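Q: Enclosed is the structure file final.tsv (TSV, N, CA and C atoms).
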```tsv
chain	number	residue	atom	x	y	z
A	1478	MET	N	64.58	-103.40	207.05
A	1478	MET	CA	64.97	-102.02	207.28
A	1478	MET	C	65.90	-101.56	206.16
A	1479	ARG	N	65.76	-100.31	205.76
A	1479	ARG	CA	66.53	-99.77	204.65
A	1479	ARG	C	67.67	-98.87	205.12
A	1480	HIS	N	68.25	-99.16	206.25
A	1480	HIS	CA	69.30	-98.30	206.77
A	1480	HIS	C	70.46	-98.22	205.78
A	1481	ARG	N	70.81	-97.00	205.41
A	1481	ARG	CA	71.95	-96.70	204.53
A	1481	ARG	C	71.82	-97.31	203.14
A	1482	ARG	N	70.63	-97.61	202.71
A	1482	ARG	CA	70.41	-98.10	201.36
A	1482	ARG	C	69.98	-96.91	200.50
A	1483	HIS	N	70.58	-96.76	199.36
A	1483	HIS	CA	70.20	-95.65	198.51
A	1483	HIS	C	69.82	-96.16	197.13
A	1484	GLY	N	69.12	-95.35	196.39
A	1484	GLY	CA	68.69	-95.72	195.05
A	1484	GLY	C	67.27	-96.26	195.06
A	1485	LYS	N	66.65	-96.18	193.89
A	1485	LYS	CA	65.29	-96.66	193.74
A	1485	LYS	C	65.30	-97.90	192.88
A	1486	LYS	N	64.57	-98.92	193.28
A	1486	LYS	CA	64.52	-100.16	192.50
A	1486	LYS	C	63.38	-100.15	191.49
A	1487	LEU	N	62.31	-99.41	191.78
A	1487	LEU	CA	61.17	-99.29	190.88
A	1487	LEU	C	60.55	-100.64	190.52
A	1488	ASN	N	60.73	-101.62	191.36
A	1488	ASN	CA	60.16	-102.96	191.16
A	1488	ASN	C	60.60	-103.57	189.83
A	1489	ARG	N	61.88	-103.37	189.47
A	1489	ARG	CA	62.43	-103.87	188.22
A	1489	ARG	C	63.77	-104.54	188.48
A	1490	SER	N	64.17	-105.37	187.52
A	1490	SER	CA	65.49	-106.00	187.61
A	1490	SER	C	66.56	-104.96	187.27
A	1491	GLY	N	67.81	-105.29	187.50
A	1491	GLY	CA	68.89	-104.35	187.26
A	1491	GLY	C	69.01	-103.95	185.80
A	1492	SER	N	68.89	-104.90	184.89
A	1492	SER	CA	68.99	-104.57	183.47
A	1492	SER	C	67.81	-103.74	183.00
A	1493	HIS	N	66.63	-104.01	183.56
A	1493	HIS	CA	65.45	-103.23	183.20
A	1493	HIS	C	65.58	-101.79	183.71
A	1494	ARG	N	66.11	-101.61	184.92
A	1494	ARG	CA	66.35	-100.27	185.45
A	1494	ARG	C	67.36	-99.51	184.60
A	1495	LYS	N	68.40	-100.19	184.18
A	1495	LYS	CA	69.42	-99.56	183.35
A	1495	LYS	C	68.83	-99.10	182.02
A	1496	ALA	N	68.02	-99.95	181.40
A	1496	ALA	CA	67.39	-99.60	180.13
A	1496	ALA	C	66.40	-98.46	180.32
A	1497	LEU	N	65.65	-98.48	181.40
A	1497	LEU	CA	64.70	-97.41	181.69
A	1497	LEU	C	65.42	-96.08	181.88
A	1498	ARG	N	66.49	-96.09	182.64
A	1498	ARG	CA	67.27	-94.87	182.89
A	1498	ARG	C	67.83	-94.32	181.57
A	1499	MET	N	68.35	-95.20	180.73
A	1499	MET	CA	68.92	-94.78	179.47
A	1499	MET	C	67.84	-94.21	178.55
A	1500	ASN	N	66.68	-94.85	178.47
A	1500	ASN	CA	65.62	-94.39	177.59
A	1500	ASN	C	65.02	-93.07	178.07
A	1501	LEU	N	64.79	-92.93	179.36
A	1501	LEU	CA	64.23	-91.69	179.88
A	1501	LEU	C	65.21	-90.52	179.68
A	1502	ALA	N	66.49	-90.75	179.93
A	1502	ALA	CA	67.48	-89.69	179.74
A	1502	ALA	C	67.58	-89.31	178.26
A	1503	SER	N	67.54	-90.29	177.38
A	1503	SER	CA	67.60	-90.01	175.95
A	1503	SER	C	66.42	-89.16	175.51
A	1504	GLN	N	65.22	-89.54	175.93
A	1504	GLN	CA	64.03	-88.79	175.54
A	1504	GLN	C	64.03	-87.39	176.14
A	1505	LEU	N	64.56	-87.25	177.33
A	1505	LEU	CA	64.66	-85.93	177.96
A	1505	LEU	C	65.58	-85.03	177.15
A	1506	PHE	N	66.71	-85.55	176.68
A	1506	PHE	CA	67.64	-84.75	175.90
A	1506	PHE	C	67.09	-84.43	174.51
A	1507	VAL	N	66.32	-85.34	173.94
A	1507	VAL	CA	65.76	-85.12	172.60
A	1507	VAL	C	64.64	-84.09	172.65
A	1508	HIS	N	63.70	-84.25	173.57
A	1508	HIS	CA	62.50	-83.43	173.59
A	1508	HIS	C	62.58	-82.23	174.54
A	1509	GLY	N	63.49	-82.25	175.49
A	1509	GLY	CA	63.60	-81.15	176.43
A	1509	GLY	C	62.72	-81.31	177.65
A	1510	ARG	N	61.63	-82.06	177.52
A	1510	ARG	CA	60.74	-82.36	178.65
A	1510	ARG	C	60.00	-83.64	178.36
A	1511	ILE	N	59.71	-84.39	179.43
A	1511	ILE	CA	58.92	-85.61	179.29
A	1511	ILE	C	57.93	-85.70	180.44
A	1512	ARG	N	56.83	-86.37	180.18
A	1512	ARG	CA	55.79	-86.59	181.18
A	1512	ARG	C	55.87	-88.05	181.59
A	1513	THR	N	56.08	-88.29	182.88
A	1513	THR	CA	56.24	-89.64	183.40
A	1513	THR	C	55.76	-89.66	184.84
A	1514	THR	N	55.92	-90.80	185.51
A	1514	THR	CA	55.54	-90.83	186.92
A	1514	THR	C	56.58	-90.08	187.74
A	1515	TYR	N	56.17	-89.62	188.90
A	1515	TYR	CA	57.05	-88.83	189.75
A	1515	TYR	C	58.30	-89.61	190.15
A	1516	HIS	N	58.14	-90.87	190.50
A	1516	HIS	CA	59.29	-91.66	190.96
A	1516	HIS	C	60.26	-91.96	189.83
A	1517	LYS	N	59.76	-92.15	188.61
A	1517	LYS	CA	60.66	-92.33	187.48
A	1517	LYS	C	61.40	-91.03	187.17
A	1518	ALA	N	60.71	-89.90	187.33
A	1518	ALA	CA	61.36	-88.60	187.10
A	1518	ALA	C	62.48	-88.38	188.11
A	1519	LYS	N	62.24	-88.69	189.37
A	1519	LYS	CA	63.28	-88.56	190.39
A	1519	LYS	C	64.43	-89.53	190.12
A	1520	PHE	N	64.10	-90.69	189.57
A	1520	PHE	CA	65.09	-91.73	189.27
A	1520	PHE	C	66.04	-91.26	188.16
A	1521	VAL	N	65.51	-90.60	187.14
A	1521	VAL	CA	66.33	-90.22	186.00
A	1521	VAL	C	66.98	-88.84	186.18
A	1522	GLN	N	66.52	-88.06	187.12
A	1522	GLN	CA	67.01	-86.70	187.29
A	1522	GLN	C	68.51	-86.66	187.57
A	1523	GLY	N	68.97	-87.43	188.51
A	1523	GLY	CA	70.39	-87.44	188.85
A	1523	GLY	C	71.26	-87.93	187.71
A	1524	HIS	N	70.76	-88.93	186.97
A	1524	HIS	CA	71.51	-89.49	185.86
A	1524	HIS	C	71.68	-88.45	184.75
A	1525	ALA	N	70.61	-87.76	184.40
A	1525	ALA	CA	70.67	-86.75	183.34
A	1525	ALA	C	71.59	-85.60	183.73
A	1526	GLU	N	71.50	-85.16	184.97
A	1526	GLU	CA	72.36	-84.07	185.41
A	1526	GLU	C	73.82	-84.49	185.43
A	1527	ARG	N	74.08	-85.72	185.79
A	1527	ARG	CA	75.46	-86.21	185.81
A	1527	ARG	C	76.05	-86.23	184.40
A	1528	LEU	N	75.25	-86.61	183.41
A	1528	LEU	CA	75.74	-86.64	182.03
A	1528	LEU	C	76.10	-85.24	181.53
A	1529	ILE	N	75.26	-84.26	181.87
A	1529	ILE	CA	75.55	-82.89	181.46
A	1529	ILE	C	76.82	-82.39	182.16
A	1530	THR	N	77.00	-82.75	183.41
A	1530	THR	CA	78.19	-82.34	184.15
A	1530	THR	C	79.45	-82.96	183.56
A	1531	ILE	N	79.38	-84.23	183.17
A	1531	ILE	CA	80.53	-84.88	182.52
A	1531	ILE	C	80.90	-84.14	181.24
A	1532	ALA	N	79.89	-83.76	180.47
A	1532	ALA	CA	80.14	-83.03	179.22
A	1532	ALA	C	80.76	-81.66	179.50
A	1533	LYS	N	80.22	-80.94	180.47
A	1533	LYS	CA	80.76	-79.62	180.82
A	1533	LYS	C	82.21	-79.72	181.26
A	1534	ARG	N	82.48	-80.65	182.16
A	1534	ARG	CA	83.85	-80.77	182.68
A	1534	ARG	C	84.82	-81.22	181.60
A	1535	GLY	N	84.38	-82.12	180.73
A	1535	GLY	CA	85.24	-82.60	179.65
A	1535	GLY	C	85.61	-81.48	178.69
A	1536	LEU	N	84.64	-80.67	178.31
A	1536	LEU	CA	84.92	-79.56	177.41
A	1536	LEU	C	85.79	-78.50	178.08
A	1537	ALA	N	85.52	-78.20	179.34
A	1537	ALA	CA	86.30	-77.18	180.04
A	1537	ALA	C	87.74	-77.63	180.24
A	1538	LYS	N	87.94	-78.88	180.61
A	1538	LYS	CA	89.30	-79.38	180.84
A	1538	LYS	C	90.07	-79.47	179.52
A	1539	ALA	N	89.39	-79.87	178.44
A	1539	ALA	CA	90.05	-79.95	177.14
A	1539	ALA	C	90.47	-78.55	176.66
A	1540	GLU	N	89.62	-77.58	176.91
A	1540	GLU	CA	89.95	-76.21	176.51
A	1540	GLU	C	91.10	-75.65	177.35
A	1541	ALA	N	91.10	-75.95	178.64
A	1541	ALA	CA	92.15	-75.42	179.52
A	1541	ALA	C	93.51	-76.02	179.20
A	1542	LYS	N	93.53	-77.33	178.91
A	1542	LYS	CA	94.81	-77.98	178.65
A	1542	LYS	C	95.17	-77.99	177.17
A	1543	GLY	N	94.21	-77.66	176.31
A	1543	GLY	CA	94.50	-77.66	174.88
A	1543	GLY	C	94.64	-79.06	174.31
A	1544	ASP	N	94.05	-80.04	174.95
A	1544	ASP	CA	94.16	-81.44	174.52
A	1544	ASP	C	92.77	-81.96	174.18
A	1545	ASP	N	92.54	-82.26	172.91
A	1545	ASP	CA	91.23	-82.73	172.46
A	1545	ASP	C	90.92	-84.15	172.93
A	1546	LEU	N	91.94	-84.91	173.32
A	1546	LEU	CA	91.69	-86.28	173.77
A	1546	LEU	C	90.89	-86.33	175.06
A	1547	ILE	N	90.98	-85.29	175.86
A	1547	ILE	CA	90.19	-85.24	177.10
A	1547	ILE	C	88.70	-85.13	176.75
A	1548	ALA	N	88.38	-84.32	175.75
A	1548	ALA	CA	86.99	-84.19	175.32
A	1548	ALA	C	86.50	-85.49	174.70
A	1549	VAL	N	87.37	-86.20	174.01
A	1549	VAL	CA	86.98	-87.49	173.42
A	1549	VAL	C	86.66	-88.49	174.52
A	1550	HIS	N	87.44	-88.49	175.57
A	1550	HIS	CA	87.17	-89.40	176.69
A	1550	HIS	C	85.83	-89.08	177.33
A	1551	ALA	N	85.54	-87.81	177.51
A	1551	ALA	CA	84.25	-87.42	178.08
A	1551	ALA	C	83.10	-87.83	177.17
A	1552	ARG	N	83.27	-87.67	175.85
A	1552	ARG	CA	82.24	-88.10	174.90
A	1552	ARG	C	82.00	-89.60	174.99
A	1553	ARG	N	83.05	-90.35	175.16
A	1553	ARG	CA	82.90	-91.81	175.27
A	1553	ARG	C	82.19	-92.20	176.56
A	1554	GLN	N	82.47	-91.49	177.63
A	1554	GLN	CA	81.78	-91.77	178.89
A	1554	GLN	C	80.29	-91.50	178.76
A	1555	VAL	N	79.92	-90.39	178.14
A	1555	VAL	CA	78.51	-90.07	177.96
A	1555	VAL	C	77.86	-91.04	176.99
A	1556	ALA	N	78.57	-91.39	175.91
A	1556	ALA	CA	78.02	-92.33	174.92
A	1556	ALA	C	77.74	-93.69	175.55
A	1557	ARG	N	78.60	-94.11	176.44
A	1557	ARG	CA	78.40	-95.40	177.11
A	1557	ARG	C	77.09	-95.41	177.89
A	1558	ARG	N	76.73	-94.27	178.45
A	1558	ARG	CA	75.52	-94.20	179.26
A	1558	ARG	C	74.28	-93.87	178.44
A	1559	LEU	N	74.46	-93.59	177.13
A	1559	LEU	CA	73.32	-93.27	176.26
A	1559	LEU	C	73.23	-94.24	175.08
A	1560	ASN	N	73.67	-95.45	175.28
A	1560	ASN	CA	73.55	-96.52	174.27
A	1560	ASN	C	74.29	-96.19	172.98
A	1561	ASN	N	75.40	-95.47	173.09
A	1561	ASN	CA	76.27	-95.12	171.96
A	1561	ASN	C	75.53	-94.43	170.82
A	1562	ASP	N	74.59	-93.59	171.15
A	1562	ASP	CA	73.85	-92.81	170.15
A	1562	ASP	C	74.64	-91.54	169.86
A	1563	ARG	N	75.31	-91.49	168.70
A	1563	ARG	CA	76.20	-90.38	168.38
A	1563	ARG	C	75.46	-89.05	168.25
A	1564	GLU	N	74.27	-89.09	167.69
A	1564	GLU	CA	73.51	-87.85	167.54
A	1564	GLU	C	73.14	-87.28	168.90
A	1565	LEU	N	72.77	-88.15	169.81
A	1565	LEU	CA	72.39	-87.71	171.15
A	1565	LEU	C	73.59	-87.18	171.92
A	1566	VAL	N	74.73	-87.82	171.76
A	1566	VAL	CA	75.96	-87.33	172.40
A	1566	VAL	C	76.31	-85.96	171.84
A	1567	GLY	N	76.09	-85.77	170.55
A	1567	GLY	CA	76.32	-84.46	169.94
A	1567	GLY	C	75.41	-83.39	170.53
A	1568	VAL	N	74.16	-83.76	170.79
A	1568	VAL	CA	73.22	-82.81	171.40
A	1568	VAL	C	73.72	-82.41	172.79
A	1569	VAL	N	74.15	-83.39	173.57
A	1569	VAL	CA	74.61	-83.10	174.94
A	1569	VAL	C	75.85	-82.21	174.91
A	1570	PHE	N	76.79	-82.48	174.02
A	1570	PHE	CA	78.04	-81.72	174.01
A	1570	PHE	C	77.95	-80.40	173.26
A	1571	ASP	N	77.18	-80.36	172.17
A	1571	ASP	CA	77.15	-79.16	171.34
A	1571	ASP	C	76.07	-78.17	171.75
A	1572	GLU	N	74.97	-78.65	172.34
A	1572	GLU	CA	73.88	-77.75	172.71
A	1572	GLU	C	73.76	-77.56	174.22
A	1573	LEU	N	73.70	-78.67	174.96
A	1573	LEU	CA	73.40	-78.57	176.39
A	1573	LEU	C	74.59	-78.11	177.23
A	1574	ALA	N	75.77	-78.67	177.00
A	1574	ALA	CA	76.93	-78.30	177.81
A	1574	ALA	C	77.26	-76.80	177.69
A	1575	PRO	N	77.29	-76.22	176.49
A	1575	PRO	CA	77.53	-74.77	176.42
A	1575	PRO	C	76.39	-73.94	177.02
A	1576	LEU	N	75.16	-74.45	176.93
A	1576	LEU	CA	74.02	-73.73	177.49
A	1576	LEU	C	74.12	-73.60	179.01
A	1577	TYR	N	74.62	-74.66	179.66
A	1577	TYR	CA	74.72	-74.69	181.13
A	1577	TYR	C	76.14	-74.43	181.62
A	1578	GLU	N	76.96	-73.80	180.81
A	1578	GLU	CA	78.36	-73.60	181.14
A	1578	GLU	C	78.56	-72.83	182.45
A	1579	ASP	N	77.74	-71.82	182.68
A	1579	ASP	CA	77.89	-70.99	183.87
A	1579	ASP	C	77.01	-71.43	185.03
A	1580	ARG	N	76.23	-72.47	184.84
A	1580	ARG	CA	75.30	-72.93	185.87
A	1580	ARG	C	75.98	-74.02	186.70
A	1581	PRO	N	76.01	-73.89	188.02
A	1581	PRO	CA	76.74	-74.86	188.85
A	1581	PRO	C	75.99	-76.17	189.12
A	1582	GLY	N	74.85	-76.35	188.55
A	1582	GLY	CA	74.09	-77.58	188.76
A	1582	GLY	C	72.61	-77.28	188.66
A	1583	GLY	N	71.79	-78.28	188.87
A	1583	GLY	CA	70.36	-78.07	188.81
A	1583	GLY	C	69.88	-77.83	187.40
A	1584	TYR	N	70.21	-78.74	186.49
A	1584	TYR	CA	69.87	-78.56	185.08
A	1584	TYR	C	68.45	-79.03	184.76
A	1585	THR	N	67.80	-79.72	185.69
A	1585	THR	CA	66.45	-80.22	185.44
A	1585	THR	C	65.50	-79.70	186.50
A	1586	ARG	N	64.23	-79.73	186.16
A	1586	ARG	CA	63.17	-79.27	187.06
A	1586	ARG	C	62.02	-80.26	186.96
A	1587	ILE	N	61.39	-80.56	188.10
A	1587	ILE	CA	60.27	-81.50	188.12
A	1587	ILE	C	59.03	-80.77	188.63
A	1588	TYR	N	57.96	-80.87	187.85
A	1588	TYR	CA	56.65	-80.36	188.26
A	1588	TYR	C	55.73	-81.53	188.53
A	1589	LYS	N	55.03	-81.50	189.65
A	1589	LYS	CA	54.04	-82.53	189.93
A	1589	LYS	C	52.75	-82.18	189.18
A	1590	LEU	N	52.14	-83.17	188.56
A	1590	LEU	CA	50.95	-82.95	187.74
A	1590	LEU	C	49.68	-83.51	188.36
A	1591	GLY	N	49.79	-84.27	189.42
A	1591	GLY	CA	48.60	-84.88	190.01
A	1591	GLY	C	48.50	-86.35	189.62
A	1592	PRO	N	47.46	-87.02	190.07
A	1592	PRO	CA	47.35	-88.46	189.83
A	1592	PRO	C	46.88	-88.78	188.41
A	1593	ARG	N	47.34	-89.93	187.92
A	1593	ARG	CA	46.92	-90.43	186.61
A	1593	ARG	C	45.54	-91.05	186.74
A	1594	MET	N	44.72	-90.92	185.72
A	1594	MET	CA	43.33	-91.39	185.79
A	1594	MET	C	43.23	-92.91	185.97
A	1595	GLY	N	44.03	-93.67	185.27
A	1595	GLY	CA	43.87	-95.11	185.28
A	1595	GLY	C	44.22	-95.79	186.59
A	1596	ASP	N	45.38	-95.49	187.11
A	1596	ASP	CA	45.85	-96.22	188.30
A	1596	ASP	C	46.21	-95.30	189.47
A	1597	ASN	N	45.94	-94.01	189.35
A	1597	ASN	CA	46.16	-93.06	190.43
A	1597	ASN	C	47.65	-92.86	190.75
A	1598	ALA	N	48.53	-93.15	189.78
A	1598	ALA	CA	49.96	-92.93	189.98
A	1598	ALA	C	50.26	-91.43	189.91
A	1599	GLU	N	51.14	-90.96	190.76
A	1599	GLU	CA	51.52	-89.55	190.80
A	1599	GLU	C	52.34	-89.23	189.54
A	1600	MET	N	51.84	-88.32	188.71
A	1600	MET	CA	52.50	-87.96	187.47
A	1600	MET	C	53.33	-86.69	187.67
A	1601	ALA	N	54.36	-86.56	186.81
A	1601	ALA	CA	55.24	-85.41	186.90
A	1601	ALA	C	55.76	-85.06	185.52
A	1602	LEU	N	56.19	-83.82	185.38
A	1602	LEU	CA	56.81	-83.34	184.16
A	1602	LEU	C	58.25	-82.99	184.52
A	1603	ILE	N	59.20	-83.64	183.87
A	1603	ILE	CA	60.61	-83.31	184.10
A	1603	ILE	C	61.10	-82.59	182.85
A	1604	GLU	N	61.78	-81.46	183.06
A	1604	GLU	CA	62.24	-80.68	181.93
A	1604	GLU	C	63.62	-80.12	182.20
A	1605	LEU	N	64.31	-79.79	181.13
A	1605	LEU	CA	65.60	-79.14	181.24
A	1605	LEU	C	65.38	-77.65	181.47
A	1606	VAL	N	66.10	-77.09	182.41
A	1606	VAL	CA	65.98	-75.67	182.75
A	1606	VAL	C	66.61	-74.85	181.63
A	1607	ASP	N	65.99	-73.72	181.28
A	1607	ASP	CA	66.50	-72.78	180.26
A	1607	ASP	C	66.62	-73.42	178.88
A	1608	HIS	N	65.91	-74.49	178.63
A	1608	HIS	CA	65.97	-75.15	177.33
A	1608	HIS	C	64.62	-75.02	176.67
A	1609	GLU	N	64.61	-74.61	175.43
A	1609	GLU	CA	63.34	-74.46	174.72
A	1609	GLU	C	62.90	-75.82	174.22
A	1610	ALA	N	61.82	-76.34	174.80
A	1610	ALA	CA	61.33	-77.66	174.45
A	1610	ALA	C	60.64	-77.63	173.09
A	1611	GLU	N	60.84	-78.71	172.36
A	1611	GLU	CA	60.18	-78.85	171.04
A	1611	GLU	C	58.93	-79.66	171.25
A	1612	ASP	N	57.77	-79.02	171.13
A	1612	ASP	CA	56.52	-79.73	171.33
A	1612	ASP	C	55.94	-80.24	170.04
```
What does this structure look like when you write it as structure tokens?

A:
Amino acid sequence: MRHRRHGKKLNRSGSHRKALRMNLASQLFVHGRIRTTYHKAKFVQGHAERLITIAKRGLAKAEAKGDDLIAVHARRQVARRLNNDRELVGVVFDELAPLYEDRPGGYTRIYKLGPRMGDNAEMALIELVDHEAED
């Protein structure tokens, strides 16, 4: 019984799940949208939104207090969850956080695409809301 158990295991070990989450979030931030299975999209959705929220709050708090060290701490938190990719952290802080500054949440959207031909897995498209995707 799964009483009070949360999270998706996706039939993977903990380190594999962590790497999958990091890679899917990175590709989502780079391309603006990715095509994956529905369950992987649901798995990465919360993680990606949390990273954008950390960036928003870090920038807002640093601006309110006039202390740049708060923004540095937020950048380090996001970098830790994105494999310390400086360019990607720059994208999150310089492009995405200001874009969603007035939005209280819900930065991603998932569209169901139907079953995949090979194995009948439910496919989905996850994209950033109000973000122009580079195709």

Q: When you look at A:Thr1513 with a cut-off of 6.5 Å (counting all atoms listed in the file), what residues show up, excluding the ones that are within fewer than 4 positions of it in the same chain? I need them as a VMD selection string.

A: chain A and resid 1517 to 1518 1599 to 1603

Q: Using all atoms listed in the file, can you tell me which of A:Val1606, A:Ala1541, A:His1493, A:Arg1498 comes closest to A:Val1521?

A: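 Smallest separation from A:Val1521 among the options: A:Arg1498.
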
Q: Nearest residue to A:Gly1582 out of A:Arg1510, A:Gln1504, A:Ala1525, A:Lys1542, using only C-alpha atoms?

A: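 Closest to A:Gly1582, using only C-alpha atoms: A:Ala1525.
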
Q: Could you tell me how far atom N of A:Lys1485 lies from atom C of A:Ile1587, in Å and to one decimal?

A: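 Atom C of A:Ile1587 lies at a distance of 18.0 Å from atom N of A:Lys1485.
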
Q: To one decimal place in Å, what is the distance between atom N of A:Leu1573 and atom C of A:Val1507?

A: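 Result for atom N of A:Leu1573 versus atom C of A:Val1507: 10.8 Å, one decimal.
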
Q: Give the strand (DSSP E or B) residues of stretch 1502-1576 of chain A, as assigned by DSSP on the backbone, as a list in words.

A: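 Taking stretch 1502-1576 of chain A and keeping strand (DSSP E or B) only, one gets Arg1510, Ile1511, Arg1512, Thr1513 and Thr1514 of chain A.
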
Q: Could you go through chain A and tell me which residues DSSP, when run on the backbone, assigns to helix (DSSP H, G or I), listing them as an NGL selection string?

A: :A and (1491-1508 or 1515-1542 or 1545-1558 or 1563-1576)

Q: Could you check how far atom CA of A:Leu1501 sits from atom C of A:His1480, in Å to one decimal?

A: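 We find that atom CA of A:Leu1501 and atom C of A:His1480 lie 27.4 Å from each other.
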
Q: Within 12 Å of A:Pro1581, counting only C-alpha atoms, which residues show up once you throw out same-chain ones fewer than 5 positions away? Write them as a VMD selection string, please.

A: chain A and resid 1526 to 1527 1529 to 1530 1533 to 1534 1574 1576

Q: Closest to A:Glu1604 among A:Arg1482, A:Lys1589, A:Arg1552, A:Arg1489, using only C-alpha atoms?

A: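 Ranking A:Arg1482, A:Lys1589, A:Arg1552, A:Arg1489 by distance to A:Glu1604, first place goes to A:Lys1589.
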
Q: When distances are computed from only C-alpha atoms, which of A:Ala1548, A:Val1555, A:Ala1598, A:Leu1565 shows the smallest separation from A:His1516?

A: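 Smallest separation from A:His1516 among the options: A:Ala1598.
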
Q: Which centre and edge lengths in Å to one decimal define the box along x, y and z that fits every listed atom of stretch 1552-1557 of chain A plus 8 Å per side, as AutoDock Vina command-line options?

A:
```
--center_x 80.2 --center_y -91.5 --center_z 176.9 --size_x 22.2 --size_y 23.7 --size_z 20.0
```

Q: Please provide the set of residues having any atom within 9 Å of A:Asn1560, restricted to only C-alpha atoms, with same-chain residues fewer than 3 positions apart removed, written as a ChimeraX atom specification.

A: /A:1499-1500,1503,1555-1557,1563

Q: Ranking A:His1550, A:Gly1509, A:Gln1522, A:Arg1593 by minimum distance to A:Gly1535 and counting all atoms listed in the file, which one comes first?

A: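 Smallest distance to A:Gly1535 is found for A:His1550.
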